[in-house]
>>> print(open('target.cif').read())   # mmCIF, C-alpha atoms, pLDDT in the B column; chains and numbers go by the auth columns
data_start
#
loop_
_atom_site.group_PDB
_atom_site.id
_atom_site.type_symbol
_atom_site.label_atom_id
_atom_site.label_comp_id
_atom_site.label_asym_id
_atom_site.label_seq_id
_atom_site.Cartn_x
_atom_site.Cartn_y
_atom_site.Cartn_z
_atom_site.B_iso_or_equiv
_atom_site.auth_seq_id
_atom_site.auth_asym_id
ATOM 1 C CA MET A 1 141.216 205.146 232.910 96.00 18 A
ATOM 2 C CA ILE A 2 142.652 203.990 236.233 98.00 19 A
ATOM 3 C CA GLU A 3 144.449 206.525 238.419 98.00 20 A
ATOM 4 C CA LEU A 4 146.458 205.716 241.546 98.00 21 A
ATOM 5 C CA HIS A 5 147.830 208.265 244.014 98.00 22 A
ATOM 6 C CA PRO A 6 149.457 208.129 247.445 98.00 23 A
ATOM 7 C CA VAL A 7 147.190 210.074 249.802 98.00 24 A
ATOM 8 C CA LEU A 8 147.406 211.397 253.346 97.00 25 A
ATOM 9 C CA GLU A 9 144.256 211.374 255.474 96.00 26 A
ATOM 10 C CA ILE A 10 143.389 214.886 256.642 93.00 27 A
ATOM 11 C CA LEU A 11 140.711 215.296 259.318 87.00 28 A
ATOM 12 C CA GLY A 12 139.819 218.923 258.691 75.00 29 A
ATOM 13 C CA PRO A 13 140.760 222.498 259.582 68.00 30 A
ATOM 14 C CA ARG A 14 142.636 223.284 262.795 73.00 31 A
ATOM 15 C CA ASP A 15 143.396 226.362 264.841 85.00 32 A
ATOM 16 C CA PHE A 16 147.026 226.140 263.861 92.00 33 A
ATOM 17 C CA ASP A 17 149.537 228.972 263.576 94.00 34 A
ATOM 18 C CA LEU A 18 153.016 227.437 263.694 97.00 35 A
ATOM 19 C CA TRP A 19 153.292 227.659 259.884 96.00 36 A
ATOM 20 C CA PRO A 20 150.921 228.235 256.926 95.00 37 A
ATOM 21 C CA VAL A 21 148.473 225.407 256.198 94.00 38 A
ATOM 22 C CA ALA A 22 145.706 224.894 253.653 92.00 39 A
ATOM 23 C CA ASP A 23 142.085 224.289 254.619 83.00 40 A
ATOM 24 C CA PRO A 24 141.176 220.853 253.198 75.00 41 A
ATOM 25 C CA GLY A 25 137.553 221.034 254.321 76.00 42 A
ATOM 26 C CA THR A 26 135.954 218.816 256.942 72.00 43 A
ATOM 27 C CA TYR A 27 137.655 215.599 255.798 77.00 44 A
ATOM 28 C CA ALA A 28 139.844 214.790 252.854 90.00 45 A
ATOM 29 C CA PHE A 29 142.627 212.692 251.375 95.00 46 A
ATOM 30 C CA LEU A 30 145.497 214.892 250.241 95.00 47 A
ATOM 31 C CA PRO A 31 147.400 213.459 247.236 96.00 48 A
ATOM 32 C CA LEU A 32 151.136 213.698 247.853 97.00 49 A
ATOM 33 C CA SER A 33 153.400 214.697 244.984 98.00 50 A
ATOM 34 C CA GLY A 34 155.952 217.301 243.985 98.00 51 A
ATOM 35 C CA ARG A 35 153.181 219.549 242.675 97.00 52 A
ATOM 36 C CA LEU A 36 151.838 220.763 246.026 97.00 53 A
ATOM 37 C CA GLY A 37 151.904 224.376 247.142 96.00 54 A
ATOM 38 C CA ALA A 38 153.676 225.460 250.321 97.00 55 A
ATOM 39 C CA ALA A 39 150.452 225.585 252.361 95.00 56 A
ATOM 40 C CA GLU A 40 149.538 222.045 251.252 95.00 57 A
ATOM 41 C CA VAL A 41 152.972 220.771 252.235 97.00 58 A
ATOM 42 C CA GLY A 42 152.456 222.551 255.560 96.00 59 A
ATOM 43 C CA THR A 43 149.153 220.720 255.992 95.00 60 A
ATOM 44 C CA ALA A 44 150.828 217.380 255.311 96.00 61 A
ATOM 45 C CA VAL A 45 153.650 218.033 257.785 97.00 62 A
ATOM 46 C CA MET A 46 151.143 219.229 260.395 96.00 63 A
ATOM 47 C CA ARG A 47 149.043 216.078 259.974 96.00 64 A
ATOM 48 C CA VAL A 48 151.982 213.692 260.274 97.00 65 A
ATOM 49 C CA ALA A 49 153.312 215.578 263.289 97.00 66 A
ATOM 50 C CA GLU A 50 149.974 215.601 265.110 95.00 67 A
ATOM 51 C CA CYS A 51 149.491 211.874 264.475 95.00 68 A
ATOM 52 C CA ASN A 52 152.738 211.262 266.334 95.00 69 A
ATOM 53 C CA ASP A 53 152.236 213.916 269.027 91.00 70 A
ATOM 54 C CA VAL A 54 152.469 211.613 272.044 84.00 71 A
ATOM 55 C CA ASP A 55 154.587 211.390 275.167 75.00 72 A
ATOM 56 C CA PRO A 56 156.212 207.959 275.380 66.00 73 A
ATOM 57 C CA ALA A 57 156.005 206.341 278.807 64.00 74 A
ATOM 58 C CA HIS A 58 159.752 205.784 279.092 68.00 75 A
ATOM 59 C CA GLU A 59 161.561 207.613 281.873 66.00 76 A
ATOM 60 C CA ASP A 60 164.680 208.009 279.739 72.00 77 A
ATOM 61 C CA HIS A 61 162.752 209.558 276.833 75.00 78 A
ATOM 62 C CA PRO A 62 163.584 213.235 276.152 83.00 79 A
ATOM 63 C CA ARG A 63 161.270 215.720 277.837 85.00 80 A
ATOM 64 C CA ARG A 64 158.862 217.723 275.695 89.00 81 A
ATOM 65 C CA PRO A 65 160.300 221.203 275.013 91.00 82 A
ATOM 66 C CA ALA A 66 158.438 224.186 276.433 93.00 83 A
ATOM 67 C CA ASP A 67 158.420 226.187 273.194 95.00 84 A
ATOM 68 C CA PRO A 68 155.294 225.651 271.033 96.00 85 A
ATOM 69 C CA LEU A 69 157.135 224.538 267.880 97.00 86 A
ATOM 70 C CA GLY A 70 159.493 222.153 269.650 96.00 87 A
ATOM 71 C CA GLY A 71 156.608 220.817 271.712 95.00 88 A
ATOM 72 C CA PHE A 72 154.455 220.119 268.669 96.00 89 A
ATOM 73 C CA LEU A 73 157.284 218.375 266.825 97.00 90 A
ATOM 74 C CA HIS A 74 158.448 216.428 269.889 95.00 91 A
ATOM 75 C CA GLY A 75 156.790 213.095 269.104 94.00 92 A
ATOM 76 C CA LEU A 76 157.677 213.273 265.415 96.00 93 A
ATOM 77 C CA LEU A 77 161.326 213.885 266.233 95.00 94 A
ATOM 78 C CA THR A 78 161.755 211.452 269.126 93.00 95 A
ATOM 79 C CA MET A 79 159.501 208.450 268.457 91.00 96 A
ATOM 80 C CA GLU A 80 161.105 205.403 266.848 88.00 97 A
ATOM 81 C CA SER A 81 157.939 204.163 265.130 92.00 98 A
ATOM 82 C CA LEU A 82 156.079 206.833 263.154 96.00 99 A
ATOM 83 C CA PHE A 83 152.690 206.775 261.446 96.00 100 A
ATOM 84 C CA ALA A 84 151.286 208.662 258.446 98.00 101 A
ATOM 85 C CA PRO A 85 147.549 207.901 258.012 97.00 102 A
ATOM 86 C CA GLY A 86 146.419 207.138 254.492 97.00 103 A
ATOM 87 C CA GLY A 87 147.595 204.857 251.728 97.00 104 A
ATOM 88 C CA LEU A 88 146.884 204.516 248.032 98.00 105 A
ATOM 89 C CA ARG A 89 143.751 205.856 246.370 98.00 106 A
ATOM 90 C CA VAL A 90 142.647 204.163 243.151 98.00 107 A
ATOM 91 C CA THR A 91 140.015 205.771 240.922 98.00 108 A
ATOM 92 C CA ASP A 92 138.306 204.387 237.847 98.00 109 A
ATOM 93 C CA THR A 93 137.508 207.595 235.989 98.00 110 A
ATOM 94 C CA ALA A 94 135.179 205.749 233.594 97.00 111 A
ATOM 95 C CA THR A 95 132.840 204.498 236.327 97.00 112 A
ATOM 96 C CA GLY A 96 133.544 206.972 239.116 98.00 113 A
ATOM 97 C CA VAL A 97 134.395 204.182 241.569 98.00 114 A
ATOM 98 C CA THR A 98 137.095 205.098 244.096 98.00 115 A
ATOM 99 C CA PHE A 99 139.052 202.650 246.254 98.00 116 A
ATOM 100 C CA LEU A 100 140.246 204.371 249.453 98.00 117 A
ATOM 101 C CA PRO A 101 142.368 203.228 252.398 97.00 118 A
ATOM 102 C CA GLY A 102 140.327 202.497 255.514 96.00 119 A
ATOM 103 C CA CYS A 103 140.792 203.595 259.093 94.00 120 A
ATOM 104 C CA CYS A 104 144.143 202.863 260.765 94.00 121 A
ATOM 105 C CA ASN A 105 145.928 202.230 257.466 97.00 122 A
ATOM 106 C CA GLY A 106 149.257 203.957 257.012 97.00 123 A
ATOM 107 C CA LEU A 107 151.186 205.092 253.970 97.00 124 A
ATOM 108 C CA ASP A 108 154.054 202.792 254.922 94.00 125 A
ATOM 109 C CA GLU A 109 151.690 199.827 254.429 94.00 126 A
ATOM 110 C CA ARG A 110 151.555 200.429 250.682 94.00 127 A
ATOM 111 C CA LEU A 111 154.252 197.766 250.314 91.00 128 A
ATOM 112 C CA ASP A 112 151.477 195.256 251.023 96.00 129 A
ATOM 113 C CA TRP A 113 150.333 195.907 247.452 97.00 130 A
ATOM 114 C CA PHE A 114 153.296 193.851 246.306 96.00 131 A
ATOM 115 C CA GLU A 115 151.904 190.915 248.304 96.00 132 A
ATOM 116 C CA VAL A 116 148.975 191.077 245.893 97.00 133 A
ATOM 117 C CA LEU A 117 151.273 190.978 242.881 97.00 134 A
ATOM 118 C CA ASP A 118 154.091 188.751 244.065 96.00 135 A
ATOM 119 C CA GLY A 119 153.089 187.164 247.363 96.00 136 A
ATOM 120 C CA ASP A 120 149.931 185.665 248.848 94.00 137 A
ATOM 121 C CA GLY A 121 147.759 187.348 246.220 97.00 138 A
ATOM 122 C CA TRP A 122 145.669 189.551 248.503 98.00 139 A
ATOM 123 C CA ALA A 123 145.908 192.370 251.038 98.00 140 A
ATOM 124 C CA GLY A 124 143.521 194.452 253.130 97.00 141 A
ATOM 125 C CA PHE A 125 143.962 198.148 253.829 97.00 142 A
ATOM 126 C CA GLY A 126 142.173 199.178 257.015 96.00 143 A
ATOM 127 C CA HIS A 127 138.537 199.109 258.055 95.00 144 A
ATOM 128 C CA ASP A 128 135.331 201.190 258.030 94.00 145 A
ATOM 129 C CA PRO A 129 135.358 200.723 255.045 95.00 146 A
ATOM 130 C CA SER A 130 137.322 197.494 254.606 97.00 147 A
ATOM 131 C CA PRO A 131 139.057 197.661 251.214 98.00 148 A
ATOM 132 C CA LEU A 132 140.559 194.478 249.769 98.00 149 A
ATOM 133 C CA ALA A 133 142.885 193.901 246.821 98.00 150 A
ATOM 134 C CA GLU A 134 143.212 190.395 245.375 98.00 151 A
ATOM 135 C CA ARG A 135 144.952 188.783 242.428 98.00 152 A
ATOM 136 C CA VAL A 136 142.643 187.042 239.968 97.00 153 A
ATOM 137 C CA GLY A 137 144.732 185.469 237.239 97.00 154 A
ATOM 138 C CA ASP A 138 146.429 188.246 235.269 97.00 155 A
ATOM 139 C CA ALA A 139 144.200 190.904 236.832 98.00 156 A
ATOM 140 C CA VAL A 140 143.733 192.539 240.224 98.00 157 A
ATOM 141 C CA ARG A 141 140.287 193.079 241.724 98.00 158 A
ATOM 142 C CA LEU A 142 139.840 195.948 244.173 98.00 159 A
ATOM 143 C CA THR A 143 136.780 195.686 246.392 98.00 160 A
ATOM 144 C CA VAL A 144 135.902 199.026 247.953 98.00 161 A
ATOM 145 C CA ASP A 145 134.344 197.472 251.092 98.00 162 A
ATOM 146 C CA VAL A 146 134.269 193.702 251.591 97.00 163 A
ATOM 147 C CA ASP A 147 131.756 194.149 254.406 96.00 164 A
ATOM 148 C CA ARG A 148 129.163 195.193 251.819 96.00 165 A
ATOM 149 C CA ALA A 149 127.555 192.575 249.612 97.00 166 A
ATOM 150 C CA ASP A 150 126.955 195.232 246.940 97.00 167 A
ATOM 151 C CA SER A 151 130.400 196.811 247.163 98.00 168 A
ATOM 152 C CA PRO A 152 131.698 198.501 244.014 98.00 169 A
ATOM 153 C CA VAL A 153 134.827 196.977 242.513 98.00 170 A
ATOM 154 C CA ILE A 154 137.636 198.061 240.236 98.00 171 A
ATOM 155 C CA GLU A 155 139.530 195.601 238.044 98.00 172 A
ATOM 156 C CA LEU A 156 142.785 196.260 236.228 98.00 173 A
ATOM 157 C CA PRO A 157 145.606 194.222 234.689 98.00 174 A
ATOM 158 C CA ALA A 158 148.368 193.295 237.118 98.00 175 A
ATOM 159 C CA THR A 159 150.937 194.848 234.775 98.00 176 A
ATOM 160 C CA ASP A 160 149.080 198.169 234.930 98.00 177 A
ATOM 161 C CA LEU A 161 149.003 198.055 238.721 98.00 178 A
ATOM 162 C CA ARG A 162 152.755 197.431 238.877 98.00 179 A
ATOM 163 C CA ARG A 163 153.354 200.483 236.675 98.00 180 A
ATOM 164 C CA LEU A 164 150.999 202.637 238.768 98.00 181 A
ATOM 165 C CA LEU A 165 152.730 201.557 241.984 98.00 182 A
ATOM 166 C CA ALA A 166 156.084 202.647 240.555 98.00 183 A
ATOM 167 C CA GLU A 167 154.576 206.025 239.646 98.00 184 A
ATOM 168 C CA ALA A 168 153.221 206.369 243.193 98.00 185 A
ATOM 169 C CA GLU A 169 156.710 205.806 244.597 97.00 186 A
ATOM 170 C CA ARG A 170 158.018 208.581 242.366 98.00 187 A
ATOM 171 C CA ASP A 171 155.228 210.869 243.577 98.00 188 A
ATOM 172 C CA LEU A 172 156.167 210.215 247.193 98.00 189 A
ATOM 173 C CA ALA A 173 159.852 210.774 246.512 97.00 190 A
ATOM 174 C CA ASP A 174 159.000 214.043 244.725 98.00 191 A
ATOM 175 C CA PHE A 175 156.846 215.112 247.684 98.00 192 A
ATOM 176 C CA HIS A 176 159.674 214.357 250.086 98.00 193 A
ATOM 177 C CA ARG A 177 162.121 216.441 248.050 97.00 194 A
ATOM 178 C CA LEU A 178 159.581 219.276 248.059 98.00 195 A
ATOM 179 C CA ALA A 179 159.114 218.901 251.813 98.00 196 A
ATOM 180 C CA THR A 180 162.882 219.047 252.301 97.00 197 A
ATOM 181 C CA GLY A 181 162.927 222.556 250.844 98.00 198 A
ATOM 182 C CA TRP A 182 159.811 223.439 252.849 98.00 199 A
ATOM 183 C CA THR A 183 161.464 222.484 256.150 98.00 200 A
ATOM 184 C CA SER A 184 164.438 224.748 255.427 98.00 201 A
ATOM 185 C CA ARG A 185 162.070 227.691 255.060 98.00 202 A
ATOM 186 C CA TYR A 186 159.452 227.066 257.754 98.00 203 A
ATOM 187 C CA VAL A 187 161.218 225.021 260.457 98.00 204 A
ATOM 188 C CA PRO A 188 164.892 225.852 259.843 98.00 205 A
ATOM 189 C CA GLY A 189 165.980 224.892 263.344 96.00 206 A
ATOM 190 C CA HIS A 190 164.556 221.387 262.894 98.00 207 A
ATOM 191 C CA ALA A 191 164.852 220.988 259.113 98.00 208 A
ATOM 192 C CA ALA A 192 167.120 217.937 258.931 97.00 209 A
ATOM 193 C CA ALA A 193 165.328 216.107 261.729 97.00 210 A
ATOM 194 C CA VAL A 194 161.854 216.762 260.294 98.00 211 A
ATOM 195 C CA THR A 195 163.015 215.685 256.828 97.00 212 A
ATOM 196 C CA ASP A 196 164.334 212.391 258.204 97.00 213 A
ATOM 197 C CA ALA A 197 161.194 211.826 260.287 97.00 214 A
ATOM 198 C CA LEU A 198 158.926 212.384 257.281 97.00 215 A
ATOM 199 C CA ALA A 199 160.919 209.829 255.301 97.00 216 A
ATOM 200 C CA ARG A 200 160.467 207.254 258.057 96.00 217 A
ATOM 201 C CA ALA A 201 156.758 207.993 258.442 97.00 218 A
ATOM 202 C CA LEU A 202 156.234 207.585 254.687 96.00 219 A
ATOM 203 C CA GLY A 203 158.356 204.458 254.463 95.00 220 A
ATOM 204 C CA LEU A 204 161.002 206.159 252.321 93.00 221 A
ATOM 205 C CA PRO A 205 164.784 206.002 252.679 78.00 222 A
ATOM 206 C CA ALA A 206 166.146 209.070 254.416 60.00 223 A
ATOM 207 C CA PRO A 207 168.217 211.346 252.132 59.00 224 A
ATOM 208 C CA THR A 208 171.963 211.236 252.637 53.00 225 A
ATOM 209 C CA GLU A 209 173.035 213.887 250.161 49.00 226 A
ATOM 210 C CA GLY A 210 172.594 217.628 249.917 46.00 227 A
ATOM 211 C CA ARG A 211 172.706 218.200 253.659 44.00 228 A
#
>>> encode(input="target.cif", output="structure tokens")
Amino acid sequence: MIELHPVLEILGPRDFDLWPVADPGTYAFLPLSGRLGAAEVGTAVMRVAECNDVDPAHEDHPRRPADPLGGFLHGLLTMESLFAPGGLRVTDTATGVTFLPGCCNGLDERLDWFEVLDGDGWAGFGHDPSPLAERVGDAVRLTVDVDRADSPVIELPATDLRRLLAEAERDLADFHRLATGWTSRYVPGHAAAVTDALARALGLPAPTEGR
């Protein structure tokens, strides 16, 4: 059986006390869906915020607030281009082979999967390892690390991949709806802005209803 999930790269535990977070261990990929607990959602929001916690070098850019919460969220809420590390994880449960996004790949780059199905027929997803997806007739071959001559591979029908990609989009949309409720509880003063920023970081349309 082939499983596909959108995942967020988590680097490990932090000394963090702005809201409750889960301890993912030293390094992990957190699957995003509507089934996460509040602490897991908190971990995801923390990770996306810290990945965008920078001070742009523009003089007209808003200054970082002095309060800890506003300061931590500053980059997430003021940067135009946002990044959420991760991508799509594919697992062949029969063989135990797992295809993971490499370094510097972002969740918004998952649209490159449609290049495999409908475009040039191949796409890479980061490095160290260097995963590659390529169309081979009516199938798609996923090479875990093209830099290894003995790299494991996963093969699945292109029609199955298209279905799994649609399910992944639903998982991300469900996660975003869950995160919308989470922001109202844990960052009420920034709820709408954080919700919109998460949508942009994940490559999702920002919600326009229920505000």
>>> closest_residue(input="target.cif", among="A:Ala214, A:Leu93, A:Leu134, A:Cys121", to="Ala175 (chain A)", atoms="all atoms listed in the file")
A:Leu134
>>> resolve_selection(input="target.cif", expression="the PyMOL selection byres ((chain A and resi 70) around 12)", output="list in words")
Met63, Arg64, Val65, Ala66, Glu67, Cys68, Asn69, Val71, Asp72, Pro73, Arg81, Leu86, Gly87, Gly88, Phe89, Leu90, His91, Gly92, Leu93, Leu94, Thr95, Met96, Ser98, Leu99, Phe100 and Ala101 of chain A
>>> resolve_selection(input="target.cif", expression="the PyMOL selection byres ((chain A and resi 161-164) around 8)", output="count of residues only")
16
>>> closest_residue(input="target.cif", among="A:Glu20, A:Asp137, A:Glu57, A:Glu26", to="Leu173 (chain A)", atoms="only C-alpha atoms")
A:Glu20
>>> resolve_selection(input="target.cif", expression="the PyMOL selection byres ((chain A and resi 51) around 7)", output="PyMOL selection string")
chain A and resi 50+52-53+188+191-192+195
>>> closest_residue(input="target.cif", among="A:Leu124, A:Leu49, A:Leu215, A:Ala156", to="Glu172 (chain A)", atoms="only C-alpha atoms")
A:Ala156
>>> atom_distance(input="target.cif", atom1="CA of Ala196 (chain A)", atom2="CA of Pro82 (chain A)")
23.3 Å
